[in-house]
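Shown next: entry_30.txt, given as compact mmCIF, C-alpha atoms and all ligand atoms.
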```txt
# COMPACT_ATOMS: atom_id res chain seq x y z
CA MET G 387 -23.23 -26.09 40.33
CA ARG G 388 -21.25 -24.08 42.80
CA LEU G 389 -18.03 -25.05 40.99
CA ILE G 390 -19.47 -23.87 37.67
CA SER G 391 -20.46 -20.50 39.07
CA LYS G 392 -16.96 -20.19 40.54
CA TYR G 393 -15.50 -20.76 37.07
CA VAL G 394 -17.93 -18.29 35.54
CA SER G 395 -17.04 -15.55 38.00
CA ALA G 396 -13.33 -16.24 37.46
CA ALA G 397 -13.86 -15.93 33.69
CA VAL G 398 -15.77 -12.66 34.13
CA PHE G 399 -13.01 -11.34 36.36
CA ILE G 400 -10.30 -12.22 33.79
CA ALA G 401 -12.37 -10.64 31.02
CA LEU G 402 -12.72 -7.44 33.08
CA ILE G 403 -8.99 -7.30 33.77
CA ALA G 404 -8.22 -7.88 30.07
CA GLY G 405 -10.70 -5.17 29.13
CA CYS G 406 -9.02 -2.75 31.52
CA THR G 407 -5.49 -3.34 30.19
CA ARG G 408 -4.34 -0.10 28.74
CA SER G 409 -2.86 -0.18 25.27
CA PRO G 410 0.61 1.35 25.17
CA TYR G 411 -0.84 3.46 22.36
CA HIS G 412 -3.70 4.76 24.53
CA THR G 413 -2.67 8.41 24.09
CA THR G 414 -2.02 8.31 20.35
CA ASN G 415 -5.25 6.33 19.81
CA LYS G 416 -7.02 9.31 21.36
CA VAL G 417 -5.35 11.55 18.77
CA TYR G 418 -6.49 9.13 16.03
CA ARG G 419 -10.10 9.32 17.21
CA LYS G 420 -10.00 13.11 17.41
CA GLN G 421 -8.62 13.46 13.88
CA ALA G 422 -11.03 10.87 12.47
CA LYS G 423 -13.91 12.76 14.07
CA ALA G 424 -12.80 16.01 12.46
CA PHE G 425 -12.70 14.33 9.03
CA ALA G 426 -16.11 12.74 9.66
CA ALA G 427 -17.51 16.21 10.31
CA ARG G 428 -16.08 17.39 7.00
CA LEU G 429 -17.70 14.47 5.20
CA LYS G 430 -21.04 15.27 6.77
CA ALA G 431 -21.01 18.88 5.61
CA GLN G 432 -23.20 19.53 2.58
CA PRO G 433 -21.58 21.17 -0.43
CA GLU G 434 -21.74 24.94 -0.07
CA MET G 435 -23.26 27.31 -2.56
CA THR G 436 -20.41 29.12 -4.22
CA GLY G 437 -20.50 32.11 -6.46
CA ASN G 438 -18.27 34.91 -7.56
CA ASP G 439 -17.84 37.17 -10.57
CA SER G 440 -17.29 34.31 -12.97
CA ILE G 441 -19.37 31.55 -11.32
CA LYS G 442 -23.12 31.98 -11.02
CA ALA G 443 -24.45 30.41 -7.78
CA PRO G 444 -27.73 28.46 -7.90
CA GLU G 445 -30.78 29.63 -5.95
CA TYR G 446 -30.94 26.59 -3.70
CA LEU G 447 -28.77 23.74 -2.40
CA VAL G 448 -29.15 20.36 -4.03
CA GLY G 449 -27.46 17.35 -2.45
CA THR G 450 -27.62 14.23 -4.59
CA THR G 451 -29.13 11.10 -3.05
CA ASN G 452 -26.76 8.73 -4.85
CA PHE G 453 -23.22 8.31 -3.59
CA THR G 454 -20.72 6.03 -1.87
CA MET G 455 -17.22 6.45 -0.48
CA ARG G 456 -14.17 6.82 -2.75
CA LYS G 457 -12.18 3.62 -2.78
CA PRO G 458 -8.47 2.85 -2.98
CA ASN G 459 -7.46 1.49 -6.38
CA PHE G 460 -3.77 0.64 -5.78
CA VAL G 461 -1.76 -1.26 -3.19
CA ILE G 462 1.80 -0.13 -2.51
CA ILE G 463 4.15 -2.62 -0.84
CA HIS G 464 7.00 -1.37 1.34
CA HIS G 465 9.67 -2.76 3.61
CA THR G 466 10.17 -0.75 6.78
CA LEU G 467 13.99 -0.61 6.72
CA GLN G 468 13.70 -0.82 10.52
CA SER G 469 14.64 -3.51 12.99
CA SER G 470 11.26 -4.44 14.51
CA SER G 471 7.51 -3.91 14.28
CA GLU G 472 7.67 -2.07 17.61
CA GLN G 473 10.11 0.44 16.15
CA THR G 474 7.81 1.06 13.17
CA LEU G 475 4.72 1.40 15.36
CA MET G 476 6.62 4.05 17.31
CA THR G 477 7.62 5.85 14.08
CA PHE G 478 4.03 5.87 12.85
CA THR G 479 2.67 7.32 16.08
CA LEU G 480 5.12 10.20 16.41
CA PRO G 481 3.56 13.28 14.73
CA ARG G 482 6.96 14.73 13.83
CA THR G 483 7.82 11.81 11.51
CA GLU G 484 4.72 12.62 9.39
CA VAL G 485 4.79 9.09 7.95
CA SER G 486 2.29 6.25 8.20
CA SER G 487 0.75 3.30 6.38
CA HIS G 488 -2.58 1.53 6.54
CA TYR G 489 -1.06 -1.79 7.53
CA LEU G 490 2.11 -3.16 9.08
CA VAL G 491 2.80 -6.89 8.77
CA GLY G 492 5.20 -8.36 11.33
CA LYS G 493 7.67 -11.17 10.74
CA ASP G 494 5.43 -13.54 12.74
CA GLY G 495 2.44 -12.69 10.52
CA THR G 496 0.78 -10.22 12.89
CA VAL G 497 -1.16 -7.61 10.93
CA TYR G 498 -1.55 -4.17 12.50
CA HIS G 499 -4.31 -2.12 10.86
CA LEU G 500 -3.19 1.43 11.63
CA LEU G 501 -5.57 3.51 9.56
CA ASN G 502 -9.08 3.15 8.12
CA ASP G 503 -8.72 2.13 4.45
CA TYR G 504 -10.81 5.11 3.34
CA LEU G 505 -8.38 7.62 4.85
CA ARG G 506 -5.14 8.84 3.30
CA ALA G 507 -1.92 7.47 4.81
CA HIS G 508 1.43 9.18 4.24
CA HIS G 509 3.37 6.30 2.70
CA ALA G 510 4.06 6.84 -1.00
CA GLY G 511 5.24 10.47 -1.16
CA VAL G 512 6.52 12.04 -4.36
CA GLY G 513 6.54 9.78 -7.40
CA LYS G 514 4.73 8.80 -10.58
CA TRP G 515 3.15 5.60 -11.90
CA GLY G 516 1.47 6.03 -15.27
CA ASN G 517 -0.23 9.36 -14.78
CA VAL G 518 -0.87 8.89 -11.07
CA THR G 519 1.15 11.36 -9.02
CA ASP G 520 -0.89 11.58 -5.79
CA MET G 521 -0.59 7.89 -4.94
CA ASN G 522 -1.45 8.46 -1.27
CA SER G 523 -4.94 9.58 -2.32
CA CYS G 524 -5.79 6.40 -4.21
CA SER G 525 -3.84 3.62 -2.53
CA ILE G 526 -3.45 1.38 0.48
CA GLY G 527 0.08 1.33 1.94
CA ILE G 528 1.37 -1.92 3.40
CA GLU G 529 4.65 -1.98 5.34
CA LEU G 530 6.47 -5.26 5.93
CA ASP G 531 8.76 -5.47 8.95
CA ASN G 532 12.07 -6.09 7.20
CA ASN G 533 15.45 -4.36 7.36
CA GLY G 534 15.88 -4.38 3.58
CA ALA G 535 18.75 -6.87 3.56
CA GLU G 536 17.03 -10.09 4.63
CA PRO G 537 14.50 -12.51 3.12
CA PHE G 538 10.84 -11.99 4.04
CA ALA G 539 9.47 -14.38 6.66
CA GLU G 540 7.10 -17.13 5.51
CA ALA G 541 4.40 -16.28 8.07
CA GLN G 542 4.65 -12.64 7.03
CA ILE G 543 4.06 -13.42 3.35
CA ALA G 544 1.17 -15.76 4.26
CA SER G 545 -0.54 -12.94 6.20
CA LEU G 546 0.21 -10.48 3.43
CA LEU G 547 -1.47 -12.74 0.86
CA SER G 548 -4.61 -13.02 3.02
CA LEU G 549 -4.69 -9.27 3.49
CA LEU G 550 -4.25 -8.65 -0.24
CA SER G 551 -7.12 -11.04 -1.05
CA ARG G 552 -9.43 -9.07 1.19
CA LEU G 553 -8.34 -5.70 -0.21
CA LYS G 554 -8.60 -6.88 -3.81
CA GLN G 555 -12.11 -8.13 -3.21
CA ASP G 556 -13.34 -5.19 -1.12
CA TYR G 557 -12.08 -2.51 -3.50
CA ASN G 558 -11.97 -4.37 -6.80
CA ILE G 559 -8.28 -3.57 -7.35
CA PRO G 560 -6.90 -4.73 -10.74
CA PRO G 561 -3.89 -7.13 -10.68
CA ALA G 562 -1.55 -4.59 -12.33
CA ASN G 563 -2.20 -2.10 -9.50
CA PHE G 564 -0.27 -4.03 -6.85
CA ILE G 565 3.19 -2.48 -7.05
CA GLY G 566 6.22 -1.64 -4.92
CA HIS G 567 7.20 1.71 -3.47
CA ALA G 568 10.32 1.71 -5.66
CA ASP G 569 8.17 1.14 -8.76
CA PHE G 570 6.31 4.35 -7.93
CA ALA G 571 9.35 6.37 -6.79
CA PRO G 572 12.36 4.75 -8.57
CA ALA G 573 14.72 7.67 -8.07
CA ARG G 574 14.12 7.84 -4.31
CA LYS G 575 13.20 4.39 -3.05
CA SER G 576 14.37 0.79 -3.20
CA ASP G 577 11.63 -1.04 -1.31
CA PRO G 578 10.63 -3.80 -1.31
CA SER G 579 14.08 -5.36 -1.85
CA ILE G 580 15.14 -8.08 -4.28
CA PHE G 581 14.04 -10.64 -1.67
CA PHE G 582 10.37 -9.78 -2.16
CA PRO G 583 8.45 -12.69 -3.81
CA TRP G 584 6.65 -10.80 -6.59
CA LYS G 585 6.23 -13.99 -8.66
CA THR G 586 4.36 -15.73 -5.81
CA LEU G 587 2.11 -12.68 -5.48
CA SER G 588 1.39 -12.57 -9.20
CA GLU G 589 0.33 -16.23 -9.14
CA LYS G 590 -2.45 -15.20 -6.72
CA GLY G 591 -3.48 -12.24 -8.85
CA PHE G 592 -1.48 -9.44 -7.21
CA GLY G 593 0.84 -7.69 -9.63
CA LEU G 594 1.91 -8.59 -13.15
CA TRP G 595 4.49 -11.18 -14.10
CA TYR G 596 5.96 -12.23 -17.43
CA SER G 597 5.01 -15.33 -19.42
CA ASP G 598 7.01 -18.58 -19.27
CA THR G 599 7.58 -18.42 -23.02
CA LEU G 600 8.81 -15.09 -24.24
CA LYS G 601 8.38 -13.79 -27.78
CA ASP G 602 11.15 -12.26 -29.85
CA VAL G 603 11.45 -8.53 -29.55
CA PRO G 604 10.48 -6.72 -32.78
CA ALA G 605 13.04 -4.61 -34.66
CA GLY G 606 13.19 -1.05 -33.41
CA PHE G 607 11.82 -2.01 -29.97
CA ASN G 608 12.05 0.94 -27.62
CA ALA G 609 12.82 -0.22 -24.07
CA ARG G 610 12.25 3.21 -22.53
CA MET G 611 8.80 3.40 -24.09
CA ALA G 612 8.02 -0.11 -22.83
CA LEU G 613 8.98 0.91 -19.29
CA ARG G 614 6.64 3.88 -19.61
CA VAL G 615 3.78 1.74 -20.89
CA ILE G 616 4.21 -0.57 -17.87
CA GLY G 617 3.91 2.50 -15.63
CA TYR G 618 7.47 3.56 -14.77
CA ASP G 619 8.46 7.20 -14.59
CA THR G 620 11.23 7.30 -17.20
CA ARG G 621 12.42 10.85 -16.61
CA ASP G 622 15.34 9.15 -14.82
CA THR G 623 15.76 6.14 -17.11
CA THR G 624 18.56 4.54 -15.06
CA ALA G 625 16.39 4.66 -11.93
CA ALA G 626 13.44 3.17 -13.84
CA ILE G 627 15.64 0.34 -15.18
CA ARG G 628 16.92 -0.40 -11.67
CA ALA G 629 13.37 -0.54 -10.29
CA PHE G 630 12.27 -2.81 -13.13
CA ARG G 631 15.27 -5.13 -12.64
CA ARG G 632 14.76 -5.23 -8.85
CA HIS G 633 11.10 -6.18 -9.30
CA TYR G 634 11.34 -8.68 -12.16
CA MET G 635 14.98 -9.91 -12.16
CA GLN G 636 15.74 -9.83 -8.40
CA ASP G 637 18.85 -7.93 -9.34
CA THR G 638 20.04 -4.38 -8.75
CA GLY G 639 21.89 -3.83 -12.03
CA ARG G 640 21.55 -0.54 -13.87
CA GLN G 641 21.80 -1.95 -17.40
CA LEU G 642 19.21 -3.87 -19.37
CA ALA G 643 20.50 -7.29 -20.46
CA PRO G 644 19.26 -8.70 -23.81
CA ALA G 645 16.95 -11.14 -21.96
CA ASP G 646 15.40 -8.22 -20.05
CA LEU G 647 14.11 -6.80 -23.33
CA ASN G 648 12.00 -9.92 -23.94
CA VAL G 649 10.51 -9.55 -20.45
CA LEU G 650 9.85 -5.86 -21.01
CA TYR G 651 8.15 -6.57 -24.34
CA ASP G 652 6.01 -9.29 -22.73
CA LEU G 653 4.96 -7.09 -19.80
CA MET G 654 4.25 -4.15 -22.08
CA ASN G 655 1.72 -6.29 -23.96
CA LYS G 656 0.09 -7.42 -20.71
CA ASN G 657 -0.69 -3.89 -19.64
ZN ZN H 1 8.46 2.59 1.26
```
Take the structure in the file and write it out as structure tokens.
Amino acid sequence: MRLISKYVSAAVFIALIAGCTRSPYHTTNKVYRKQAKAFAARLKAQPEMTGNDSIKAPEYLVGTTNFTMRKPNFVIIHHTLQSSSEQTLMTFTLPRTEVSSHYLVGKDGTVYHLLNDYLRAHHAGVGKWGNVTDMNSCSIGIELDNNGAEPFAEAQIASLLSLLSRLKQDYNIPPANFIGHADFAPARKSDPSIFFPWKTLSEKGFGLWYSDTLKDVPAGFNARMALRVIGYDTRDTTAAIRAFRRHYMQDTGRQLAPADLNVLYDLMNKN
């Protein structure tokens, strides 16, 4: 009995010590809480009555009783282009960098959740996918610890797949809306690299992939239009082709090969 109580008090002591361990991000977590609180206050505010010369204001406020939170509808995959998770955590907690993501997945499969999914991370920047230009407002950003020139770790991809399953289910994200940063911003970005296993992802329902048997391309097939139908911003066609080839051919070429046209035609009809 005495021995048991000794063990219990030792366990309580360890738990207390663990609870008291200060996170190295103690100070920036405080900033997070302060900013989140300010946004919460904005969400709580009722819509104001507005009126001016051209808008007639109503006589009383009416707040609807029926609403929920806006949900993310895209997932954007990135590689960090840095040398460790620690380096990226540092980058994302320095206000002057102005960049962030919702999640960071380490090489060992550790998943850091850096920002509430309902808030807007600064990960996608300027770009265009279909008619979506403000991708940060409607997406979840996931960074993978990877220097851009190496294969992605197995444990990292396993964690990523679990995370994607949860996000897809929670926010009802369609398969075609799991894309890479370079797909959204082909003229500026090249992540994730040719090492990223898009085919494996598509087999689990994240992102599109082409059929095993490809149909012949019809006469007069317009590759640029097909790229646009898939979602690519074709104002810089070479950049769009490169992004397409990186994603679907694991290649960084700037020219479409004849076989690429069959893939383009197939994907166009899947969208
Ligand atoms: Zn990126």
Closest of G:Ser469, G:Asn532, G:Thr454, G:Ser523 to ligand ZN 1 (chain H) - atom-to-atom distances counting all atoms listed in the file: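 Closest to ligand ZN 1 (chain H) of all the choices is G:Asn532.
Across G:Ala629, G:Tyr618, G:Ser548, G:Leu647, the tightest approach to G:Asp602 is made by G:Leu647 when counting all atoms listed in the file.
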Find the residues near ligand ZN 1 (chain H). Use a cut-off of 8 Å, count all atoms listed in the file, and write them as a PyMOL selection string. chain G and resi 463-466+509-510+529+566-568+575-578
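Take the candidates G:Asn608, G:Ser551, G:Ser470, G:Asn558 and check each one against G:Ser588 using only C-alpha atoms; the shortest distance goes to G:Ser551.
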Counting all atoms listed in the file, the residue of G:Cys524, G:Val491, G:Val417, G:Ala426 that sits nearest G:Ile462: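 Using all atoms listed in the file, the shortest distance to G:Ile462 belongs to G:Cys524.
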